[in-house]
Amino acid sequence: MNLFRQIPKVDKIEKKLNYIPKKILTPLIQQTLQKIRDGIKSGQITAVSEDKIINEIKTKAENILNPSIVNVINATGITVHTNLGRSLIDPEIFDYAKERSTHYCNLEYDLEKGKRGDRYHHSAKILSHLFGSESALIVNNNAAAVFLILNTFAKDKEVIVSRGELVEIGGSFRVPEVMKASGAKLVEVGTTNKTKIKDYEEAVSDNTAMLMKVHKSNYSIEGFSEEASLEEIINLARSKGVLDYYDLGSAYIPKLPYGLTNYEPPINEIMKLNPSLVSFSGDKLFGSVQAGIILGKKELIDKLKQNQILRMFRVDKITLSIIEATAMAYIKEEYEKIPTLKSIFQTEEDLVKKAKKLLSLTPALKAEIKNSHTYVGGGTMPNRKIPTTIVEIKGNAKKWEENMRKNLVIGRIENERFVLDMRSIQDDEIEKLADIINSIITCEVKNA
């Protein structure tokens, strides 16, 4: 019984930890003390320490209160890094959304008619003008866009897709599984490496609703390969009286450097073909917030809006505002407001300048500036290398990687050296990164 008496009183613990919100503190005290009582009863606990109990509760509370999402320095070189938050939002564009989100706005209110309006009208107007489409619709991501389109136009009907385009992307998102969940019936045509327009034509039946083309995210098929062009698919769909749909995955507007434009056409070129429907991610190469952007004929977009499932996929005023501000930046050709484009368009001179600044601020760092290559990332431009500049750090690569990661810097190991890729490091992060490096070096000297 003496052990039970040694358990500190609740009010005593609350007094010592009074800076912790009671919403967190009270249940933690109850849980911790009950666990100790149970341990004493079972004989597993043979000693009770008040300080140990208080420290345990304090640690648990701090783990809960510490923010889960924190900023990191992306030194991997991957611009659209899915694990690190994909596309960055320009502060000015974010402020635009902040202004509309911290005050009431006309999200679903028609100011001219004085009655309830359509939340999608705001973005549809500017996106249609930007991309040259009849209409547009925004949902919460491109997976939702795919599902909504298939469920609306192809439920219990056939959708023809090339075997070489039955992709799986991050998070086990598989096109065949999404099609099945939407109610559409998959019809595979061609082979993994070769699919001709004739394969689509021969597969069309009375139950066919759509010819679908899917962007090959995260991989490419090269060598002895062939695929039907989007233009061929659009023309065939028209001749057969069915819809064509391009799940583009990611889209961009201005011509990209390093020959990247040679591999995939800009979205404006695609829209000139007048496709029935196209969808892509709002982040990735477009460089905005996570969303699914659907472009196409007004009649079809209107039918998508009538699907009750859309309510589960709709976006809020913050997303709509950011998309609108991003589209406006594109229309004004203010590409400097698109961080994704800024990163991709950096020249070797820009990157070397950043690397030299970093080394000038870290005189004790043993490192070299070298040329290397990286990728855009995010399932865009698969296997297409782009040149970059790295700071290659001498010493134990694994130790450097671990120490930097503990300080919220994510780099990569290349040729058994830890490297910092300057392409994805922001200009305003150089001094902070230098401070981290200097701190690590100082700690190593002290512990040597």
# chains A, B, ... in the order shown; residues from 1 in each chain; ligands from 1

call {"tool": "closest_atom_pairs", "arguments": {"of": "segment 54-148 of chain A", "to": "segment 272-280 of chain A", "cutoff": "10 Å", "atoms": "only C-alpha atoms", "output": "JSON lines"}}
result
{"residue": "A:Phe131", "atom": "CA", "partner": "A:Lys272", "partner_atom": "CA", "distance": 9.1}
{"residue": "A:Gly132", "atom": "CA", "partner": "A:Lys272", "partner_atom": "CA", "distance": 7.5}
{"residue": "A:Ser133", "atom": "CA", "partner": "A:Asn274", "partner_atom": "CA", "distance": 7.8}
{"residue": "A:Glu134", "atom": "CA", "partner": "A:Asn274", "partner_atom": "CA", "distance": 9.3}
{"residue": "A:Ser135", "atom": "CA", "partner": "A:Leu277", "partner_atom": "CA", "distance": 9.9}
{"residue": "A:Ala136", "atom": "CA", "partner": "A:Leu277", "partner_atom": "CA", "distance": 9.5}
{"residue": "A:Leu137", "atom": "CA", "partner": "A:Ser279", "partner_atom": "CA", "distance": 9.3}
{"residue": "A:Ile138", "atom": "CA", "partner": "A:Ser279", "partner_atom": "CA", "distance": 9.5}
{"residue": "A:Asn141", "atom": "CA", "partner": "A:Phe280", "partner_atom": "CA", "distance": 8.3}
{"residue": "A:Asn142", "atom": "CA", "partner": "A:Phe280", "partner_atom": "CA", "distance": 5.6}
{"residue": "A:Ala143", "atom": "CA", "partner": "A:Phe280", "partner_atom": "CA", "distance": 9.0}
{"residue": "A:Ala144", "atom": "CA", "partner": "A:Ser279", "partner_atom": "CA", "distance": 9.9}
{"residue": "A:Ala145", "atom": "CA", "partner": "A:Ser279", "partner_atom": "CA", "distance": 6.6}
{"residue": "A:Val146", "atom": "CA", "partner": "A:Ser279", "partner_atom": "CA", "distance": 7.4}

call {"tool": "select_by_dssp", "arguments": {"residues": "segment 174-386 of chain A", "states": "strand (DSSP E or B)", "output": "PyMOL selection string"}}
result
chain A and resi 174+185-189+194+208-214+226+243-249+277-281+292-296+367-374+377+380+386

call {"tool": "closest_residue", "arguments": {"among": "A:Phe94, A:Tyr120, A:Tyr246, A:Phe4", "to": "Ile160 of chain A", "atoms": "only C-alpha atoms"}}
result
A:Tyr246

call {"tool": "closest_residue", "arguments": {"among": "A:Thr82, A:Gln30, A:Thr319, A:Ser250", "to": "Thr380 of chain A", "atoms": "only C-alpha atoms"}}
result
A:Ser250

call {"tool": "residues_around", "arguments": {"residues": "Glu92 of chain A", "least_positions_apart": "4", "cutoff": "12 Å", "atoms": "only C-alpha atoms", "output": "ChimeraX atom specification"}}
result
/A:88,96-99,321-322,325-326,329,334,336-339

call {"tool": "closest_residue", "arguments": {"among": "A:Val419, A:Met212, A:Ala203, A:Ile270", "to": "Ile253 of chain A", "atoms": "only C-alpha atoms"}}
result
A:Ile270

call {"tool": "closest_residue", "arguments": {"among": "A:Lys157, A:Lys398, A:Lys196, A:Arg86", "to": "Ala184 of chain A", "atoms": "only C-alpha atoms"}}
result
A:Lys157

call {"tool": "closest_residue", "arguments": {"among": "A:Leu150, A:Ala364, A:Ile293, A:Ala237", "to": "Glu177 of chain A", "atoms": "only C-alpha atoms"}}
result
A:Leu150

call {"tool": "closest_residue", "arguments": {"among": "A:Ile413, A:Lys354, A:Arg384, A:Pro265", "to": "Asp428 of chain A", "atoms": "only C-alpha atoms"}}
result
A:Lys354

call {"tool": "residues_around", "arguments": {"residues": "segment 372-374 of chain A", "least_positions_apart": "6", "cutoff": "8 Å", "atoms": "only C-alpha atoms", "output": "list in words"}}
result
Gly77, Ile78, Lys385, Ile386, Pro387, Thr388, Thr389 and Ile390 of chain A

call {"tool": "write_last_selection", "arguments": {"atoms": "N, CA and C atoms", "output": "compact mmCIF listing (two decimals), in the first residue's frame"}}
result
# COMPACT_ATOMS: atom_id res chain seq x y z
N GLY A 77 17.19 18.28 -54.86
CA GLY A 77 17.25 18.65 -56.28
C GLY A 77 15.94 18.40 -57.00
N ILE A 78 15.03 17.65 -56.37
CA ILE A 78 13.73 17.36 -56.98
C ILE A 78 12.80 18.55 -56.71
N LYS A 385 16.40 13.75 -67.54
CA LYS A 385 17.40 14.40 -66.69
C LYS A 385 17.49 15.89 -67.02
N ILE A 386 17.73 16.68 -65.96
CA ILE A 386 18.03 18.09 -66.17
C ILE A 386 19.32 18.40 -65.40
N PRO A 387 20.16 19.27 -65.95
CA PRO A 387 21.44 19.57 -65.29
C PRO A 387 21.23 20.32 -63.99
N THR A 388 22.16 20.14 -63.06
CA THR A 388 22.08 20.85 -61.79
C THR A 388 23.47 21.05 -61.22
N THR A 389 23.56 21.77 -60.13
CA THR A 389 24.83 22.02 -59.44
C THR A 389 24.71 21.53 -58.01
N ILE A 390 25.69 20.79 -57.56
CA ILE A 390 25.65 20.25 -56.20
C ILE A 390 26.86 20.71 -55.39

call {"tool": "atom_distance", "arguments": {"atom1": "atom CA of Val409 of chain A", "atom2": "atom CA of Pro67 of chain A"}}
result
17.1 Å

call {"tool": "atom_distance", "arguments": {"atom1": "atom CA of Glu444 of chain A", "atom2": "atom CA of Leu84 of chain A"}}
result
27.9 Å

call {"tool": "residues_around", "arguments": {"residues": "Ser288 of chain A", "least_positions_apart": "3", "cutoff": "9 Å", "atoms": "only C-alpha atoms", "output": "PyMOL selection string"}}
result
chain A and resi 87-90+281-285+291+322-323+326-327+338-340

call {"tool": "atom_distance", "arguments": {"atom1": "atom CA of Asn71 of chain A", "atom2": "atom CA of Ala434 of chain A"}}
result
16.2 Å

call {"tool": "decode", "arguments": {"residues": "segment 337-358 of chain A", "atoms": "C-alpha atoms", "output": "mmCIF file, in the first residue's frame"}}
result
data_model
loop_
_atom_site.group_PDB
_atom_site.id
_atom_site.type_symbol
_atom_site.label_atom_id
_atom_site.label_comp_id
_atom_site.auth_asym_id
_atom_site.auth_seq_id
_atom_site.Cartn_x
_atom_site.Cartn_y
_atom_site.Cartn_z
ATOM 1 C CA LYS A 337 5.288 34.041 -59.040
ATOM 2 C CA ILE A 338 5.305 30.307 -59.831
ATOM 3 C CA PRO A 339 8.052 28.779 -57.590
ATOM 4 C CA THR A 340 7.993 25.505 -59.539
ATOM 5 C CA LEU A 341 8.835 27.317 -62.767
ATOM 6 C CA LYS A 342 11.475 29.449 -61.026
ATOM 7 C CA SER A 343 13.218 26.289 -59.870
ATOM 8 C CA ILE A 344 13.103 24.577 -63.266
ATOM 9 C CA PHE A 345 14.256 27.697 -65.141
ATOM 10 C CA GLN A 346 17.353 28.274 -62.975
ATOM 11 C CA THR A 347 20.532 28.367 -65.070
ATOM 12 C CA GLU A 348 23.913 26.860 -64.222
ATOM 13 C CA GLU A 349 25.089 30.387 -63.403
ATOM 14 C CA ASP A 350 22.222 30.825 -60.915
ATOM 15 C CA LEU A 351 22.977 27.511 -59.225
ATOM 16 C CA VAL A 352 26.738 28.032 -59.001
ATOM 17 C CA LYS A 353 26.148 31.471 -57.479
ATOM 18 C CA LYS A 354 24.062 29.904 -54.704
ATOM 19 C CA ALA A 355 26.661 27.168 -54.139
ATOM 20 C CA LYS A 356 29.489 29.713 -53.830
ATOM 21 C CA LYS A 357 27.483 31.771 -51.363
ATOM 22 C CA LEU A 358 26.884 28.674 -49.215
#
